[in-house]
Amino acid sequence: MARATRDSLGAMPSRRDARTYDLKDLRDRVMRESGGAVDDSIPQLAEADPELLGIAMVMPDGSVRTTEQADVAFSVQSAVKPFLFALALLDTDGEVLDRIGIEPTGEAFDAIKLESGTGRPPNPMVNAGALLTAAVVDGDGVEGRNERILRGLSAFAGRELTVDEDVARNEHLLGDRNHALAHLMRSEGTLRISADDAVAVYARACAVLVDAEALAVMGATLAFGGVNPVTGKRVVPAAVARDVVSVMATCGVYDGSGRWMRRVGIPAKSSVSGAIVLSVPETLGAAVISPPLDEQGTSVRGSKACDLLSAELDLHVFGSLGD
Ligand code: GLN
């Protein structure tokens, strides 16, 4: 499909092409990409099908477009982080911003490092930050917070989500670096619940089951100012959605965020399950799932799909390359 071009008046055509864009052809082309390795931090992730590839897109009118396999369930993993940040902003009325940085780190997602001088997690898109955002949502104890998070994520997705309890248990048991980070934050006074409780809540959030379609609706809810375009319900205030999408743009792809923003130009969040969620402000939400990851922990085929979507639908938020 040809890229969008400027018309004779120099105005950009509307991005409505997304409604007729050939997603099946996109999937076929992305399938030709190879390389990367499936994450093996827990057995359930290691067993993921490397050939799984699902793509979904959600339009402003709430219509959803999908490829085959967009209904295959996987654990959301780090793609949950923007939504945990949103719930934390909502439940603390923005006060969480005093307890967490919003600067990119230039380091891996699970680096054992806090902001120097303050002892705060560097940003909500790395594990330290997500351990904190999960810990400050409303709810009593681990159970109450789990409940609140599952309800909040379900509102973003527009349907009742469930948890893979085996993934949650393994993430909790085997997440040594997350335990280390939680203890470090305890020692700095940044984390106010027990380190083990914080890891338990975060692990269960990572174990929430989604599919490309649900994740695309979640991304769309952020893209459309906090209103779920499928259910029509407001999930978070517009100011919260804007804060979250801003931090996705600067920190969502970890130490690859700068290169991602230049190349793809879409606020996004990657995850070890191989999912990428995209929020194109006021335009669309999308998600891709393909488990093999590059060195930055970003899905190889997912990344290719985002490149093509951005170029062919002219989605780079900082503008078109022209004709
Ligand atoms: N559950 C994973 C962890 O905390 C999530 C990390 C990710 O998706 N990058 O290690």
# chains A, B, ... in the order shown; residues from 1 in each chain; ligands from 1
$ closest_atom_pairs --of "chain A" --to "ligand 1" --cutoff "10 Å" --atoms "only C-alpha atoms and all ligand atoms" --output "CSV"
residue,atom,partner,partner_atom_place_in_ligand_line,distance
A:Asp39,CA,ligand 1,8 (O),9.2
A:Ser41,CA,ligand 1,10 (O),7.5
A:Ile42,CA,ligand 1,1 (N),8.9
A:Leu45,CA,ligand 1,1 (N),9.7
A:Ser75,CA,ligand 1,1 (N),8.9
A:Val76,CA,ligand 1,8 (O),7.6
A:Gln77,CA,ligand 1,8 (O),4.3
A:Ser78,CA,ligand 1,8 (O),3.5
A:Ala79,CA,ligand 1,8 (O),6.5
A:Val80,CA,ligand 1,8 (O),8.4
A:Lys81,CA,ligand 1,8 (O),8.8
A:Ala108,CA,ligand 1,9 (N),8.7
A:Phe109,CA,ligand 1,9 (N),5.8
A:Asp110,CA,ligand 1,10 (O),6.6
A:Met125,CA,ligand 1,9 (N),8.9
A:Val126,CA,ligand 1,9 (N),7.6
A:Asn127,CA,ligand 1,4 (O),5.8
A:Ala128,CA,ligand 1,4 (O),9.0
A:Ala130,CA,ligand 1,4 (O),8.6
A:Leu131,CA,ligand 1,4 (O),8.6
A:Val167,CA,ligand 1,1 (N),8.9
A:Ala168,CA,ligand 1,1 (N),8.7
A:Asn170,CA,ligand 1,1 (N),9.4
A:Glu171,CA,ligand 1,1 (N),6.0
A:His172,CA,ligand 1,1 (N),8.8
A:Leu174,CA,ligand 1,10 (O),9.0
A:Gly175,CA,ligand 1,10 (O),6.3
A:Asp176,CA,ligand 1,10 (O),8.8
A:Arg177,CA,ligand 1,10 (O),7.6
A:Asn178,CA,ligand 1,4 (O),6.3
A:His179,CA,ligand 1,4 (O),9.8
A:Val199,CA,ligand 1,4 (O),8.8
A:Tyr202,CA,ligand 1,4 (O),7.6
A:Ala203,CA,ligand 1,1 (N),6.1
A:Arg204,CA,ligand 1,1 (N),8.8
A:Ala205,CA,ligand 1,1 (N),8.5
A:Cys206,CA,ligand 1,1 (N),5.3
A:Ala207,CA,ligand 1,1 (N),7.5
A:Val253,CA,ligand 1,9 (N),9.3
A:Tyr254,CA,ligand 1,9 (N),8.9
A:Lys269,CA,ligand 1,8 (O),9.3
A:Ser270,CA,ligand 1,8 (O),6.9
A:Ser271,CA,ligand 1,8 (O),3.6
A:Val272,CA,ligand 1,8 (O),3.8
A:Ser273,CA,ligand 1,8 (O),6.3
A:Gly274,CA,ligand 1,8 (O),8.0
A:Ala275,CA,ligand 1,8 (O),8.6
A:Gln296,CA,ligand 1,9 (N),9.2
A:Gly297,CA,ligand 1,9 (N),6.6
A:Thr298,CA,ligand 1,9 (N),8.5
$ select_by_dssp --residues "segment 14-122 of chain A" --states "helix (DSSP H, G or I)" --output "number ranges by chain"
A: 15-19, 23-31, 43-46, 77-91, 95-98
$ write_last_selection --atoms "C-alpha atoms" --output "short mmCIF file (atom, residue, chain, number, x, y, z; two decimals), in the first residue's frame"
data_model
loop_
_atom_site.label_atom_id
_atom_site.label_comp_id
_atom_site.auth_asym_id
_atom_site.auth_seq_id
_atom_site.Cartn_x
_atom_site.Cartn_y
_atom_site.Cartn_z
CA ARG A 15 -5.54 8.72 8.46
CA ARG A 16 -8.76 6.88 7.60
CA ASP A 17 -6.70 4.55 5.40
CA ALA A 18 -6.36 2.49 8.56
CA ARG A 19 -9.92 1.27 8.00
CA LEU A 23 -3.60 -6.22 7.87
CA LYS A 24 -3.39 -9.75 6.49
CA ASP A 25 -0.80 -8.64 3.96
CA LEU A 26 1.10 -6.85 6.75
CA ARG A 27 1.10 -10.07 8.76
CA ASP A 28 2.35 -12.07 5.74
CA ARG A 29 5.20 -9.63 5.14
CA VAL A 30 6.18 -9.53 8.84
CA MET A 31 6.18 -13.35 8.95
CA PRO A 43 8.95 -21.85 31.95
CA GLN A 44 5.61 -20.51 30.68
CA LEU A 45 7.36 -17.80 28.63
CA ALA A 46 10.01 -20.22 27.36
CA GLN A 77 4.15 -8.81 31.20
CA SER A 78 5.70 -5.35 30.89
CA ALA A 79 3.02 -4.11 28.52
CA VAL A 80 1.01 -3.72 31.75
CA LYS A 81 3.30 -0.93 32.96
CA PRO A 82 1.59 2.04 31.25
CA PHE A 83 -1.73 0.89 32.69
CA LEU A 84 -0.32 0.41 36.20
CA PHE A 85 1.06 3.94 35.95
CA ALA A 86 -2.38 5.19 34.88
CA LEU A 87 -4.08 3.48 37.82
CA ALA A 88 -1.43 4.81 40.21
CA LEU A 89 -1.89 8.37 38.92
CA LEU A 90 -5.65 8.01 39.28
CA ASP A 91 -5.69 6.41 42.73
CA GLU A 95 0.91 12.16 44.08
CA VAL A 96 2.77 9.13 42.77
CA LEU A 97 4.73 11.61 40.63
CA ASP A 98 6.52 12.75 43.82
#
$ atom_distance --atom1 "atom CA of Ala239 of chain A" --atom2 "atom CA of Asn123 of chain A"
17.8 Å
